[in-house]
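Participant: This one is work-v2.txt, compact mmCIF, C-alpha atoms.
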# COMPACT_ATOMS: atom_id res chain seq x y z
CA MET T 1 -38.29 5.86 -8.17
CA SER T 2 -35.29 4.26 -6.46
CA LEU T 3 -33.33 1.04 -6.27
CA ILE T 4 -33.06 -0.98 -3.06
CA THR T 5 -29.26 -1.07 -3.01
CA LYS T 6 -27.12 1.66 -1.40
CA GLU T 7 -23.74 3.19 -2.16
CA ASN T 8 -20.93 1.09 -0.77
CA GLN T 9 -17.51 -0.30 -1.62
CA ASN T 10 -18.77 -1.64 -4.93
CA ILE T 11 -21.54 0.79 -5.90
CA GLU T 12 -21.47 4.49 -6.82
CA TRP T 13 -24.35 6.70 -8.00
CA LYS T 14 -24.02 9.77 -10.24
CA GLU T 15 -26.88 11.90 -11.56
CA SER T 16 -25.29 12.55 -14.96
CA TRP T 17 -22.11 11.67 -16.80
CA HIS T 18 -18.96 13.80 -16.49
CA ASN T 19 -15.56 12.83 -17.85
CA ASP T 20 -14.19 13.16 -14.33
CA TYR T 21 -15.95 9.88 -13.56
CA PHE T 22 -13.31 7.92 -15.44
CA LYS T 23 -11.49 8.23 -12.08
CA TRP T 24 -14.22 6.13 -10.43
CA ILE T 25 -13.86 3.44 -13.09
CA CYS T 26 -10.09 3.43 -12.53
CA ALA T 27 -10.63 3.23 -8.76
CA PHE T 28 -13.02 0.27 -9.03
CA ALA T 29 -10.57 -1.59 -11.30
CA ASN T 30 -7.74 -1.08 -8.79
CA ALA T 31 -9.86 -2.27 -5.85
CA GLN T 32 -12.57 -4.95 -5.76
CA GLY T 33 -14.38 -3.92 -8.90
CA GLY T 34 -17.81 -2.31 -8.79
CA THR T 35 -20.75 -0.74 -10.55
CA LEU T 36 -21.11 2.91 -11.47
CA PHE T 37 -24.72 3.96 -12.05
CA ILE T 38 -25.26 7.07 -14.18
CA GLY T 39 -28.69 8.58 -13.65
CA MET T 40 -29.12 8.26 -9.89
CA ASP T 41 -28.91 10.85 -7.15
CA ASP T 42 -27.31 10.34 -3.74
CA ASN T 43 -30.46 8.70 -2.44
CA GLY T 44 -30.65 6.18 -5.25
CA VAL T 45 -33.52 7.96 -6.98
CA ILE T 46 -33.40 7.40 -10.73
CA MET T 47 -32.88 10.56 -12.77
CA HIS T 48 -33.20 10.74 -16.55
CA VAL T 49 -29.87 10.66 -18.43
CA ASP T 50 -29.62 12.80 -21.56
CA LYS T 51 -28.17 11.10 -24.63
CA ALA T 52 -28.09 7.76 -22.85
CA LYS T 53 -27.90 5.79 -26.08
CA LYS T 54 -24.89 7.79 -27.30
CA LEU T 55 -23.14 7.24 -23.97
CA LEU T 56 -23.92 3.54 -24.32
CA GLU T 57 -21.94 3.54 -27.57
CA ASP T 58 -19.17 5.95 -26.61
CA LEU T 59 -18.20 4.98 -23.06
CA PRO T 60 -16.83 1.46 -23.71
CA ASN T 61 -14.45 2.85 -26.35
CA GLN T 62 -13.41 5.80 -24.21
CA VAL T 63 -12.71 3.58 -21.22
CA ARG T 64 -10.66 1.26 -23.42
CA ASP T 65 -8.63 4.14 -24.90
CA LEU T 66 -8.03 5.98 -21.61
CA LEU T 67 -7.61 3.10 -19.18
CA GLY T 68 -6.97 0.03 -21.27
CA LEU T 69 -10.02 -1.63 -19.71
CA MET T 70 -13.00 -3.46 -21.11
CA VAL T 71 -16.18 -2.61 -19.24
CA ASP T 72 -19.81 -3.56 -19.74
CA VAL T 73 -22.15 -0.60 -20.17
CA ASN T 74 -25.86 -1.39 -19.97
CA LEU T 75 -28.82 0.86 -20.65
CA HIS T 76 -31.83 0.36 -18.37
CA THR T 77 -35.24 1.95 -18.54
CA LYS T 78 -37.62 2.12 -15.60
CA GLU T 79 -41.04 3.73 -16.03
CA GLY T 80 -39.79 5.61 -19.06
CA THR T 81 -36.60 6.88 -17.37
CA ASP T 82 -33.20 5.87 -18.76
CA TYR T 83 -30.14 5.21 -16.63
CA LEU T 84 -26.79 3.52 -17.29
CA GLU T 85 -25.00 0.73 -15.47
CA ILE T 86 -21.21 0.51 -15.89
CA LEU T 87 -19.77 -2.79 -14.65
CA VAL T 88 -16.06 -2.74 -13.75
CA GLU T 89 -14.12 -5.91 -13.01
CA PRO T 90 -11.16 -5.89 -10.57
CA TYR T 91 -7.85 -6.01 -12.43
CA PRO T 92 -4.77 -7.91 -11.25
CA TYR T 93 -2.36 -5.22 -12.47
CA PRO T 94 -2.26 -1.46 -11.72
CA ILE T 95 -4.58 0.76 -13.77
CA SER T 96 -3.71 4.43 -14.23
CA LEU T 97 -5.58 7.40 -15.65
CA ARG T 98 -3.29 9.99 -17.19
CA CYS T 99 -0.40 8.67 -15.06
CA LYS T 100 -2.40 8.86 -11.82
CA TYR T 101 -3.68 5.93 -9.77
CA TYR T 102 -7.06 5.88 -8.05
CA TYR T 103 -8.47 3.43 -5.54
CA ARG T 104 -11.95 2.72 -4.17
CA SER T 105 -12.02 2.56 -0.38
CA GLY T 106 -15.42 2.23 1.25
CA SER T 107 -17.59 4.70 -0.62
CA THR T 108 -14.75 7.15 -1.30
CA LEU T 109 -12.36 7.80 -4.17
CA GLN T 110 -8.70 8.13 -3.25
CA GLU T 111 -5.74 9.14 -5.37
CA LEU T 112 -2.78 7.00 -4.39
CA LYS T 113 0.43 8.90 -3.69
CA GLY T 114 3.71 8.43 -1.88
CA ALA T 115 4.02 5.39 0.34
CA ALA T 116 0.44 4.29 -0.36
CA LEU T 117 1.15 4.22 -4.10
CA THR T 118 4.43 2.37 -3.59
CA LYS T 119 2.72 -0.26 -1.46
CA PHE T 120 -0.09 -0.67 -3.98
CA LEU T 121 2.27 -1.09 -6.94
CA LEU T 122 4.41 -3.60 -5.08
CA GLN T 123 1.37 -5.64 -4.07
CA ARG T 124 0.20 -5.75 -7.67
CA GLN T 125 3.64 -7.09 -8.60
CA GLY T 126 3.36 -9.78 -5.94
CA LYS T 127 6.08 -8.13 -3.83
CA LYS T 128 6.24 -6.78 -0.31
CA TRP T 129 7.82 -3.52 0.80
CA ASP T 130 10.62 -5.24 2.71
CA ALA T 131 11.44 -7.51 -0.25
CA VAL T 132 12.37 -4.68 -2.63
CA PRO T 133 15.95 -5.13 -3.92
CA VAL T 134 18.46 -2.42 -3.03
CA PRO T 135 21.20 -1.78 -5.62
CA ASN T 136 24.85 -0.97 -4.90
CA VAL T 137 24.95 -2.68 -1.49
CA THR T 138 26.82 -5.91 -0.81
CA THR T 139 27.19 -8.22 2.16
CA ASP T 140 30.58 -6.60 2.86
CA ASP T 141 28.77 -3.32 3.60
CA LEU T 142 26.85 -4.92 6.48
CA LYS T 143 28.04 -5.11 10.11
CA ASN T 144 29.77 -8.31 11.14
CA ASN T 145 29.02 -7.80 14.84
CA VAL T 146 25.29 -7.61 14.06
CA PHE T 147 25.52 -10.98 12.31
CA ASP T 148 27.26 -12.32 15.43
CA PHE T 149 24.49 -10.88 17.61
CA PHE T 150 21.86 -12.47 15.38
CA ARG T 151 23.60 -15.87 15.54
CA ARG T 152 23.67 -15.77 19.34
CA LYS T 153 19.97 -14.93 19.51
CA ALA T 154 19.10 -17.57 16.92
CA THR T 155 21.14 -20.20 18.77
CA ARG T 156 19.23 -19.60 22.00
CA SER T 157 15.85 -19.60 20.26
CA LYS T 158 16.76 -22.67 18.15
CA ARG T 159 14.86 -21.25 15.20
CA LEU T 160 17.62 -21.95 12.70
CA GLU T 161 19.54 -25.09 11.90
CA PRO T 162 23.16 -25.23 13.19
CA ASP T 163 24.47 -25.48 9.63
CA ASP T 164 22.80 -22.15 8.76
CA LEU T 165 24.31 -20.45 11.80
CA GLU T 166 27.78 -21.73 11.02
CA SER T 167 27.64 -20.54 7.40
CA THR T 168 29.08 -17.32 6.00
CA ASN T 169 27.17 -14.05 6.21
CA GLN T 170 26.25 -14.34 2.56
CA GLU T 171 24.99 -17.89 2.97
CA LEU T 172 23.04 -16.88 6.07
CA LEU T 173 21.28 -14.11 4.12
CA GLU T 174 20.40 -16.62 1.43
CA SER T 175 18.99 -19.03 4.05
CA LEU T 176 16.89 -16.19 5.45
CA GLN T 177 15.70 -15.37 1.93
CA LEU T 178 17.10 -11.86 2.21
CA TYR T 179 19.18 -12.09 -0.96
CA LEU T 180 17.89 -12.14 -4.54
CA GLU T 181 20.15 -14.54 -6.37
CA ASP T 182 18.86 -13.69 -9.85
CA GLU T 183 19.41 -9.96 -9.38
CA LYS T 184 22.47 -10.29 -7.15
CA MET T 185 20.97 -7.79 -4.71
CA LEU T 186 20.12 -7.64 -1.04
CA LYS T 187 16.52 -7.12 -0.05
CA ARG T 188 15.46 -4.03 1.87
CA ALA T 189 14.90 -6.17 4.97
CA ALA T 190 18.59 -7.16 4.97
CA ILE T 191 19.57 -3.48 4.95
CA LEU T 192 17.23 -2.71 7.86
CA LEU T 193 18.55 -5.61 9.90
CA PHE T 194 22.29 -5.58 9.27
CA HIS T 195 23.44 -2.27 7.72
CA PRO T 196 25.12 0.28 10.04
CA LYS T 197 23.16 3.16 8.47
CA PRO T 198 19.90 1.83 7.00
CA GLU T 199 18.48 5.37 6.71
CA LYS T 200 20.89 5.91 3.83
CA TYR T 201 18.76 3.52 1.78
CA VAL T 202 15.38 3.50 3.59
CA THR T 203 13.95 6.91 4.43
CA GLY T 204 12.61 7.22 7.96
CA ALA T 205 14.15 3.98 9.19
CA TYR T 206 14.45 5.07 12.81
CA ILE T 207 12.35 5.19 15.97
CA LYS T 208 11.10 8.40 17.57
CA ILE T 209 9.89 8.39 21.19
CA GLY T 210 8.17 11.29 22.91
CA PHE T 211 6.88 12.12 26.38
CA PHE T 212 3.81 14.36 26.41
CA GLU T 213 2.40 16.33 29.33
CA ASN T 214 -0.91 16.34 27.47
CA GLU T 215 -2.10 15.85 23.90
CA ALA T 216 -0.34 19.00 22.70
CA ASP T 217 2.72 19.61 24.90
CA LEU T 218 5.82 17.53 24.21
CA ILE T 219 8.12 17.51 27.24
CA PHE T 220 11.06 15.62 25.75
CA GLN T 221 11.82 13.19 22.95
CA ASP T 222 14.51 10.87 21.61
CA GLU T 223 15.43 9.41 18.26
CA VAL T 224 16.94 5.95 17.99
CA HIS T 225 19.04 5.19 14.91
CA GLY T 226 21.01 2.24 13.59
CA ASN T 227 19.91 -1.19 12.41
CA LEU T 228 16.71 -2.74 13.75
CA PHE T 229 18.45 -4.86 16.37
CA GLU T 230 20.21 -1.80 17.79
CA GLN T 231 17.01 0.23 17.64
CA ILE T 232 15.08 -2.37 19.61
CA GLU T 233 17.77 -2.68 22.29
CA GLN T 234 18.18 1.09 22.69
CA THR T 235 14.44 1.75 22.63
CA MET T 236 13.74 -0.78 25.36
CA ASP T 237 16.58 0.68 27.42
CA LEU T 238 15.21 4.22 27.03
CA LEU T 239 11.68 3.17 27.89
CA PHE T 240 12.72 1.49 31.15
CA THR T 241 15.45 3.92 32.25
CA LYS T 242 13.91 7.23 31.19
CA TYR T 243 10.29 7.20 30.06
CA ILE T 244 8.66 4.86 32.55
CA LYS T 245 10.41 6.74 35.34
CA ALA T 246 9.45 10.14 33.95
CA PRO T 247 7.41 12.31 36.36
CA LYS T 248 3.64 12.17 35.91
CA PHE T 249 2.02 15.55 35.46
Represent the structure from my file as structure tokens, please.

Facilitator:
Amino acid sequence: MSLITKENQNIEWKESWHNDYFKWICAFANAQGGTLFIGMDDNGVIMHVDKAKKLLEDLPNQVRDLLGLMVDVNLHTKEGTDYLEILVEPYPYPISLRCKYYYRSGSTLQELKGAALTKFLLQRQGKKWDAVPVPNVTTDDLKNNVFDFFRRKATRSKRLEPDDLESTNQELLESLQLYLEDEKMLKRAAILLFHPKPEKYVTGAYIKIGFFENEADLIFQDEVHGNLFEQIEQTMDLLFTKYIKAPKF
């Protein structure tokens, strides 16, 4: 006996219930939602679930207590064989299981860590990575000559109004929406663009270029530091004066 549907982004099959599967419920809630079938093997063949009626009663309460979610748990019987269907809705805010975050991607379960977790949490808060406020940095800490460089570029491109270009640095940041007035803080993007040492506040905020003889052998490399405008200028200069002219092996 089997169902027509297959495992995918929104469907997962498990032969029997294990408490480890709360991770799958968490992952569905953090992604697009989905359905977890208990009592099906990897081919979608229905397998009998022991104590299905008790699970039908216990699982909704356990999911609520562990995850803070309300899920629908349905008991189905096909040709005398019981299996469970757990319906999980997508949630607009992050769901964690014992302080860990899981996410459904394709037909896989992923624990979110590091940068992936940061990005996920920011998205759930309606924020972007570059819009995160950075404390203890003011407009006075930024480089005046970079603002001048930006004004010259913006004047030639005519992408900003003359009044914005003639304003103070602080007013220019506000026009560019790089300053959070309510929190009195600069956004991360402002640090990347105008701070002399953005790596002090944003880890890995530099460019690394390498020249490889083959897939494994690195012949030489360079790192380009500074604000984004400086990085772009120096990187383009390196590419044209050093890397494009490098000998071909």

Participant: Tell me which protein, DNA and RNA residues are within 9 Å of Asn169 (chain T), counting all atoms listed in the file, leaving out same-chain ones fewer than 2 positions away, and put them as JSON, numbers by chain.

Facilitator: {"T": [139, 140, 144, 147, 165, 167, 171, 172, 173, 174]}

Participant: May I ask which of the residues T:Lys208, T:Arg64, T:Lys158, T:Lys197 is the closest one to Asp141 (chain T), counting only C-alpha atoms?

Facilitator: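 Closest to Asp141 (chain T), using only C-alpha atoms: T:Lys197.
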
Participant: Taking all atoms listed in the file into account, name the residue in T:Val49, T:Met70, T:Leu176, T:Leu193 that is nearest to Leu87 (chain T).

Facilitator: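 Using all atoms listed in the file, Leu87 (chain T) sits closest to T:Met70.
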
Participant: Given only C-alpha atoms as the basis, pick out the residue of T:Gly106, T:Val134, T:His48, T:Arg159 nearest to Gly80 (chain T).

Facilitator: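 Closest residue, counting only C-alpha atoms: T:His48.
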
Participant: One decimal, Å: what's the distance from CA of Val45 (chain T) over to CA of Leu69 (chain T), could you say?

Facilitator: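 These two atoms are separated by 28.4 Å.
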
Participant: Find, counting only C-alpha atoms, the residue in T:Val88, T:Met40, T:Ile219, T:Val146 that gets nearest to Arg104 (chain T).

Facilitator: T:Val88

Participant: Got a sec: who's within 12 Å of Asn136 (chain T), counting all atoms listed in the file, leaving out chain neighbours fewer than 5 positions off, as an mmCIF file with C-alpha atoms, in the coordinates of the input?

Facilitator:
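Listing of selection17.cif after writing:
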data_model
loop_
_atom_site.group_PDB
_atom_site.id
_atom_site.type_symbol
_atom_site.label_atom_id
_atom_site.label_comp_id
_atom_site.auth_asym_id
_atom_site.auth_seq_id
_atom_site.Cartn_x
_atom_site.Cartn_y
_atom_site.Cartn_z
ATOM 1 C CA ASP T 141 28.770 -3.320 3.600
ATOM 2 C CA GLU T 183 19.410 -9.960 -9.380
ATOM 3 C CA LYS T 184 22.470 -10.290 -7.150
ATOM 4 C CA MET T 185 20.970 -7.790 -4.710
ATOM 5 C CA LEU T 186 20.120 -7.640 -1.040
ATOM 6 C CA LYS T 187 16.520 -7.120 -0.050
ATOM 7 C CA ARG T 188 15.460 -4.030 1.870
ATOM 8 C CA ILE T 191 19.570 -3.480 4.950
ATOM 9 C CA LYS T 200 20.890 5.910 3.830
ATOM 10 C CA TYR T 201 18.760 3.520 1.780
#

Participant: Considering only C-alpha atoms, state which residue in the set T:Trp24, T:Phe37, T:Tyr83, T:Phe150 is at the smallest distance from Leu67 (chain T).

Facilitator: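 Between T:Trp24, T:Phe37, T:Tyr83, T:Phe150, the residue approaching Leu67 (chain T) most closely is T:Trp24.
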
Participant: Find the residues around Trp129 (chain T) up to 10 Å (all atoms listed in the file counted), leave out those fewer than 6 positions away in its own chain, and share them as a short mmCIF file (atom, residue, chain, number, x, y, z; two decimals) with C-alpha atoms, in the coordinates of the input.

Facilitator:
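As written to disk, around34.cif reads:
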data_model
loop_
_atom_site.label_atom_id
_atom_site.label_comp_id
_atom_site.auth_asym_id
_atom_site.auth_seq_id
_atom_site.Cartn_x
_atom_site.Cartn_y
_atom_site.Cartn_z
CA ALA T 115 4.02 5.39 0.34
CA THR T 118 4.43 2.37 -3.59
CA LYS T 119 2.72 -0.26 -1.46
CA PHE T 120 -0.09 -0.67 -3.98
CA LEU T 121 2.27 -1.09 -6.94
CA LEU T 122 4.41 -3.60 -5.08
CA GLN T 123 1.37 -5.64 -4.07
CA LYS T 187 16.52 -7.12 -0.05
CA ARG T 188 15.46 -4.03 1.87
CA ALA T 189 14.90 -6.17 4.97
#

Participant: Missing atoms in region 16-28 of chain T should be modelled up to N, CA and C atoms and reported as a PDB file, in the frame of the given file.

Facilitator:
ATOM      1  N   SER T  16     -25.542  12.421 -13.523  1.00  0.00           N
ATOM      2  CA  SER T  16     -25.290  12.550 -14.960  1.00  0.00           C
ATOM      3  C   SER T  16     -23.819  12.223 -15.217  1.00  0.00           C
ATOM      4  N   TRP T  17     -23.475  12.056 -16.475  1.00  0.00           N
ATOM      5  CA  TRP T  17     -22.110  11.670 -16.800  1.00  0.00           C
ATOM      6  C   TRP T  17     -21.205  12.893 -16.942  1.00  0.00           C
ATOM      7  N   HIS T  18     -20.030  12.827 -16.306  1.00  0.00           N
ATOM      8  CA  HIS T  18     -18.960  13.800 -16.490  1.00  0.00           C
ATOM      9  C   HIS T  18     -17.672  13.011 -16.725  1.00  0.00           C
ATOM     10  N   ASN T  19     -16.790  13.553 -17.545  1.00  0.00           N
ATOM     11  CA  ASN T  19     -15.560  12.830 -17.850  1.00  0.00           C
ATOM     12  C   ASN T  19     -14.685  12.598 -16.622  1.00  0.00           C
ATOM     13  N   ASP T  20     -14.929  13.367 -15.569  1.00  0.00           N
ATOM     14  CA  ASP T  20     -14.190  13.160 -14.330  1.00  0.00           C
ATOM     15  C   ASP T  20     -14.467  11.785 -13.727  1.00  0.00           C
ATOM     16  N   TYR T  21     -15.562  11.158 -14.152  1.00  0.00           N
ATOM     17  CA  TYR T  21     -15.950   9.880 -13.560  1.00  0.00           C
ATOM     18  C   TYR T  21     -15.137   8.700 -14.089  1.00  0.00           C
ATOM     19  N   PHE T  22     -14.259   8.972 -15.055  1.00  0.00           N
ATOM     20  CA  PHE T  22     -13.310   7.920 -15.440  1.00  0.00           C
ATOM     21  C   PHE T  22     -12.437   7.553 -14.235  1.00  0.00           C
ATOM     22  N   LYS T  23     -12.254   8.513 -13.301  1.00  0.00           N
ATOM     23  CA  LYS T  23     -11.490   8.230 -12.080  1.00  0.00           C
ATOM     24  C   LYS T  23     -12.157   7.119 -11.268  1.00  0.00           C
ATOM     25  N   TRP T  24     -13.494   7.155 -11.203  1.00  0.00           N
ATOM     26  CA  TRP T  24     -14.220   6.130 -10.430  1.00  0.00           C
ATOM     27  C   TRP T  24     -14.054   4.756 -11.075  1.00  0.00           C
ATOM     28  N   ILE T  25     -14.055   4.722 -12.393  1.00  0.00           N
ATOM     29  CA  ILE T  25     -13.860   3.440 -13.090  1.00  0.00           C
ATOM     30  C   ILE T  25     -12.458   2.911 -12.803  1.00  0.00           C
ATOM     31  N   CYS T  26     -11.472   3.799 -12.859  1.00  0.00           N
ATOM     32  CA  CYS T  26     -10.090   3.430 -12.530  1.00  0.00           C
ATOM     33  C   CYS T  26     -10.004   2.909 -11.101  1.00  0.00           C
ATOM     34  N   ALA T  27     -10.678   3.601 -10.179  1.00  0.00           N
ATOM     35  CA  ALA T  27     -10.630   3.230  -8.760  1.00  0.00           C
ATOM     36  C   ALA T  27     -11.249   1.857  -8.528  1.00  0.00           C
ATOM     37  N   PHE T  28     -12.387   1.586  -9.166  1.00  0.00           N
ATOM     38  CA  PHE T  28     -13.020   0.270  -9.030  1.00  0.00           C
ATOM     39  C   PHE T  28     -12.088  -0.828  -9.553  1.00  0.00           C
TER      40      PHE T  28
END
